[in-house]
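Undergrad: Just one file: coords.cif, with mmCIF, C-alpha atoms.
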data_upload
loop_
_atom_site.group_PDB
_atom_site.id
_atom_site.type_symbol
_atom_site.label_atom_id
_atom_site.label_comp_id
_atom_site.auth_asym_id
_atom_site.auth_seq_id
_atom_site.Cartn_x
_atom_site.Cartn_y
_atom_site.Cartn_z
ATOM 1 C CA MET A 106 104.084 -116.076 75.792
ATOM 2 C CA LYS A 107 107.191 -116.153 77.974
ATOM 3 C CA LYS A 108 107.120 -114.198 81.207
ATOM 4 C CA ILE A 109 110.350 -112.469 82.194
ATOM 5 C CA PHE A 110 111.225 -110.892 85.522
ATOM 6 C CA VAL A 111 113.928 -108.224 85.368
ATOM 7 C CA ILE A 112 116.148 -107.905 88.426
ATOM 8 C CA CYS A 113 117.583 -104.401 88.394
ATOM 9 C CA PRO A 114 118.222 -101.343 90.544
ATOM 10 C CA VAL A 115 115.056 -99.496 91.576
ATOM 11 C CA ARG A 116 115.740 -97.180 94.495
ATOM 12 C CA ASP A 117 118.492 -94.695 93.674
ATOM 13 C CA ALA A 118 118.850 -96.036 90.114
ATOM 14 C CA ASP A 119 120.455 -93.407 87.915
ATOM 15 C CA LYS A 120 118.497 -92.007 84.976
ATOM 16 C CA ASP A 121 120.847 -93.372 82.297
ATOM 17 C CA THR A 122 120.636 -96.911 83.673
ATOM 18 C CA SER A 123 116.844 -96.704 83.996
ATOM 19 C CA ALA A 124 116.570 -95.465 80.400
ATOM 20 C CA LYS A 125 118.722 -98.353 79.133
ATOM 21 C CA ILE A 126 116.665 -100.895 81.055
ATOM 22 C CA ASN A 127 113.448 -99.288 79.784
ATOM 23 C CA ASP A 128 114.723 -99.690 76.200
ATOM 24 C CA TYR A 129 115.543 -103.332 76.945
ATOM 25 C CA ILE A 130 112.040 -103.904 78.350
ATOM 26 C CA ASP A 131 110.496 -102.234 75.284
ATOM 27 C CA GLY A 132 112.476 -104.601 73.055
ATOM 28 C CA LEU A 133 111.265 -107.650 74.978
ATOM 29 C CA GLU A 134 107.655 -106.520 74.843
ATOM 30 C CA GLN A 135 107.857 -105.728 71.129
ATOM 31 C CA LYS A 136 108.950 -109.342 70.621
ATOM 32 C CA GLY A 137 105.814 -110.511 72.447
ATOM 33 C CA TYR A 138 107.320 -111.293 75.835
ATOM 34 C CA ARG A 139 105.599 -110.238 79.029
ATOM 35 C CA ALA A 140 108.116 -108.437 81.229
ATOM 36 C CA HIS A 141 107.839 -107.629 84.916
ATOM 37 C CA TRP A 142 109.960 -104.555 85.589
ATOM 38 C CA PRO A 143 109.842 -103.695 89.309
ATOM 39 C CA PRO A 144 110.021 -99.875 88.984
ATOM 40 C CA ARG A 145 106.958 -100.063 86.748
ATOM 41 C CA ASP A 146 105.161 -103.249 87.826
ATOM 42 C CA THR A 147 105.778 -103.595 91.573
ATOM 43 C CA ASP A 148 103.995 -101.060 93.773
ATOM 44 C CA GLN A 149 106.906 -99.286 95.469
ATOM 45 C CA THR A 150 104.801 -97.597 98.171
ATOM 46 C CA ASP A 151 105.654 -99.810 101.121
ATOM 47 C CA PRO A 152 106.897 -98.241 104.387
ATOM 48 C CA ILE A 153 108.835 -101.365 105.438
ATOM 49 C CA GLY A 154 109.646 -103.120 102.172
ATOM 50 C CA ASP A 155 108.381 -106.581 103.106
ATOM 51 C CA ARG A 156 105.433 -106.442 100.699
ATOM 52 C CA ILE A 157 107.719 -105.316 97.864
ATOM 53 C CA CYS A 158 109.971 -108.302 98.603
ATOM 54 C CA ARG A 159 106.990 -110.691 98.604
ATOM 55 C CA ASP A 160 105.533 -109.195 95.416
ATOM 56 C CA ASN A 161 108.855 -109.499 93.606
ATOM 57 C CA LEU A 162 109.446 -113.055 94.801
ATOM 58 C CA ASN A 163 105.935 -114.060 93.700
ATOM 59 C CA ALA A 164 106.611 -112.514 90.280
ATOM 60 C CA ILE A 165 109.957 -114.344 90.079
ATOM 61 C CA LEU A 166 108.198 -117.585 90.975
ATOM 62 C CA ALA A 167 105.620 -117.008 88.205
ATOM 63 C CA CYS A 168 108.137 -116.128 85.482
ATOM 64 C CA ASP A 169 109.853 -118.342 82.912
ATOM 65 C CA GLU A 170 113.102 -116.395 82.751
ATOM 66 C CA ILE A 171 114.999 -113.992 84.996
ATOM 67 C CA HIS A 172 116.965 -111.246 83.281
ATOM 68 C CA ILE A 173 119.473 -109.344 85.395
ATOM 69 C CA TRP A 174 120.871 -105.841 85.093
ATOM 70 C CA TYR A 175 123.480 -106.161 87.797
ATOM 71 C CA ASP A 176 124.504 -103.152 89.839
ATOM 72 C CA PRO A 177 126.627 -104.096 92.855
ATOM 73 C CA SER A 178 125.230 -101.174 94.867
ATOM 74 C CA SER A 179 121.590 -102.286 94.511
ATOM 75 C CA THR A 180 120.686 -104.021 97.761
ATOM 76 C CA GLY A 181 117.182 -104.882 96.538
ATOM 77 C CA SER A 182 118.729 -106.690 93.590
ATOM 78 C CA HIS A 183 120.779 -108.783 96.000
ATOM 79 C CA PHE A 184 117.573 -109.819 97.779
ATOM 80 C CA ASP A 185 115.892 -110.749 94.480
ATOM 81 C CA LEU A 186 119.017 -112.644 93.396
ATOM 82 C CA GLY A 187 118.862 -114.635 96.619
ATOM 83 C CA GLY A 188 115.273 -115.595 95.856
ATOM 84 C CA ALA A 189 116.182 -116.639 92.313
ATOM 85 C CA PHE A 190 119.174 -118.619 93.578
ATOM 86 C CA MET A 191 117.008 -120.455 96.106
ATOM 87 C CA LEU A 192 114.416 -121.390 93.493
ATOM 88 C CA ILE A 193 116.994 -122.706 91.041
ATOM 89 C CA GLU A 194 119.654 -124.230 93.273
ATOM 90 C CA LEU A 195 117.685 -125.465 96.276
ATOM 91 C CA LEU A 196 114.181 -126.084 94.978
ATOM 92 C CA GLY A 197 115.046 -127.220 91.439
ATOM 93 C CA TYR A 198 112.946 -124.719 89.470
ATOM 94 C CA LYS A 199 113.870 -124.479 85.785
ATOM 95 C CA LYS A 200 114.318 -120.759 85.108
ATOM 96 C CA LYS A 201 116.714 -119.388 82.559
ATOM 97 C CA ILE A 202 119.020 -116.632 83.820
ATOM 98 C CA VAL A 203 120.123 -113.945 81.350
ATOM 99 C CA LEU A 204 122.689 -111.297 82.245
ATOM 100 C CA ILE A 205 121.674 -108.044 80.533
ATOM 101 C CA ASN A 206 124.820 -106.063 81.316
ATOM 102 C CA ASN A 207 128.310 -106.870 82.466
ATOM 103 C CA GLY A 208 127.549 -104.996 85.698
ATOM 104 C CA ALA A 209 130.835 -105.707 87.359
ATOM 105 C CA LYS A 210 133.986 -107.558 86.556
ATOM 106 C CA VAL A 211 134.352 -111.146 87.613
ATOM 107 C CA VAL A 212 136.671 -111.225 90.572
ATOM 108 C CA PRO A 213 138.800 -114.105 91.781
ATOM 109 C CA GLY A 214 137.004 -116.110 94.430
ATOM 110 C CA LYS A 215 133.589 -115.183 95.738
ATOM 111 C CA GLY A 216 131.283 -112.508 94.348
ATOM 112 C CA PHE A 217 127.715 -111.951 93.197
ATOM 113 C CA MET A 218 128.769 -111.428 89.578
ATOM 114 C CA ASN A 219 130.471 -114.823 89.667
ATOM 115 C CA VAL A 220 127.265 -116.403 90.997
ATOM 116 C CA ILE A 221 125.168 -114.697 88.298
ATOM 117 C CA ARG A 222 127.517 -115.910 85.555
ATOM 118 C CA TYR A 223 127.429 -119.411 87.066
ATOM 119 C CA LEU A 224 123.604 -119.436 87.035
ATOM 120 C CA ALA A 225 123.466 -117.996 83.500
ATOM 121 C CA GLU A 226 125.831 -120.700 82.238
ATOM 122 C CA LYS A 227 123.968 -123.439 84.110
ATOM 123 C CA THR A 228 120.555 -122.395 82.713
ATOM 124 C CA LYS A 229 121.530 -121.227 79.204
ATOM 125 C CA ASP A 230 119.877 -124.165 77.433
ATOM 126 C CA LEU A 231 116.477 -123.902 79.167
#
Can you present the structure in this file as structure tokens?
TA:
Amino acid sequence: MKKIFVICPVRDADKDTSAKINDYIDGLEQKGYRAHWPPRDTDQTDPIGDRICRDNLNAILACDEIHIWYDPSSTGSHFDLGGAFMLIELLGYKKKIVLINNGAKVVPGKGFMNVIRYLAEKTKDL
């Protein structure tokens, strides 16, 4: 059974986005995948946030695939993306990246959406 970590907004996520991600998670789990969805599966009661970061990075390390609902305003997502990038680009882990939503337009030059699309293209055949 494949394990999937979903990078997505948690804190301040709007209800419509959370509902769409919940539907996506339901679809994965109905297909037999095991999904780690941080709002549901990572204990969010952490006064500093360091444990949440560690828990998410450990779950990312343990997963087979990383699915991303990109929201440029989600700072926690940027942290999780950095962890995923490090595992794939610097440490050579084989983890497929799947972009769930378009999130933001690709911009000329540098940008997180460009990096996500790069990683998704690079890992599409895993």
Undergrad: For A:Asp148, which residue out of A:Ala167, A:Val115, A:Met218, A:Ile173 is the nearest one, using only C-alpha atoms?
TA: A:Val115
Undergrad: Any idea what's packed within 12 Å of A:Phe217, counting all atoms listed in the file, ignoring anything in its chain fewer than 6 positions away? Could you give it as JSON, numbers by chain?
TA: {"A": [173, 175, 176, 177, 178, 179, 180, 182, 183, 184, 185, 186, 187, 190, 207, 208, 209, 210, 211, 223, 224]}
Undergrad: For the structure provided, state which residues fall under the PyMOL selection byres ((chain A and resi 164) around 10), and present them as a short mmCIF file (atom, residue, chain, number, x, y, z; two decimals) with C-alpha atoms, in the coordinates of the input.
TA:
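Result file is out23.cif:
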data_model
loop_
_atom_site.label_atom_id
_atom_site.label_comp_id
_atom_site.auth_asym_id
_atom_site.auth_seq_id
_atom_site.Cartn_x
_atom_site.Cartn_y
_atom_site.Cartn_z
CA LYS A 108 107.12 -114.20 81.21
CA ILE A 109 110.35 -112.47 82.19
CA PHE A 110 111.22 -110.89 85.52
CA VAL A 111 113.93 -108.22 85.37
CA HIS A 141 107.84 -107.63 84.92
CA TRP A 142 109.96 -104.56 85.59
CA PRO A 143 109.84 -103.70 89.31
CA ASP A 146 105.16 -103.25 87.83
CA THR A 147 105.78 -103.60 91.57
CA CYS A 158 109.97 -108.30 98.60
CA ARG A 159 106.99 -110.69 98.60
CA ASP A 160 105.53 -109.20 95.42
CA ASN A 161 108.86 -109.50 93.61
CA LEU A 162 109.45 -113.06 94.80
CA ASN A 163 105.94 -114.06 93.70
CA ILE A 165 109.96 -114.34 90.08
CA LEU A 166 108.20 -117.58 90.98
CA ALA A 167 105.62 -117.01 88.20
CA CYS A 168 108.14 -116.13 85.48
CA ASP A 169 109.85 -118.34 82.91
#
Undergrad: Run the PyMOL selection byres ((chain A and resi 194-203) around 9) mentally over the shown coordinates, then write out the matched residues as an NGL selection string, using the chain letters and numbers from the document.
TA: :A and (166 or 168-174 or 189-193 or 204-205 or 221-222 or 224-231)
Undergrad: With all atoms listed in the file as the atoms that count, which of A:Arg139, A:Arg116, A:Lys125, A:Lys215 lies nearest to A:Gly181?
TA: A:Arg116
Undergrad: Can you tell me, as JSON, the centre and edge lengths (Å, one decimal) of the axis-aligned box enclosing all of stretch 108-119 of chain A's listed atoms after padding each side by 6 Å?
TA:
{"center_x": 113.8, "center_y": -103.8, "center_z": 87.9, "size_x": 25.3, "size_y": 32.8, "size_z": 25.3}
Undergrad: Would you compute the distance between atom CA of A:Gln149 and atom CA of A:Glu134? Give it in Å to one decimal.
TA: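 About the pair atom CA of A:Gln149 and atom CA of A:Glu134: they are 21.9 Å apart.
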Undergrad: What is the distance between atom CA of A:Asp155 and atom CA of A:Cys113, in Å to one decimal?
TA: 17.5 Å
Undergrad: Have a look at A:Pro144, A:Gly214, A:Gly137, A:Gly132 and name the one nearest to A:Met106; count all atoms listed in the file.
TA: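 Looking at the shortest contact to A:Met106, the residue is A:Gly137.
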Undergrad: Provide the atom CA of A:Gly188 to atom CA of A:Ile112 distance in Å, to one decimal place.
TA: 10.7 Å
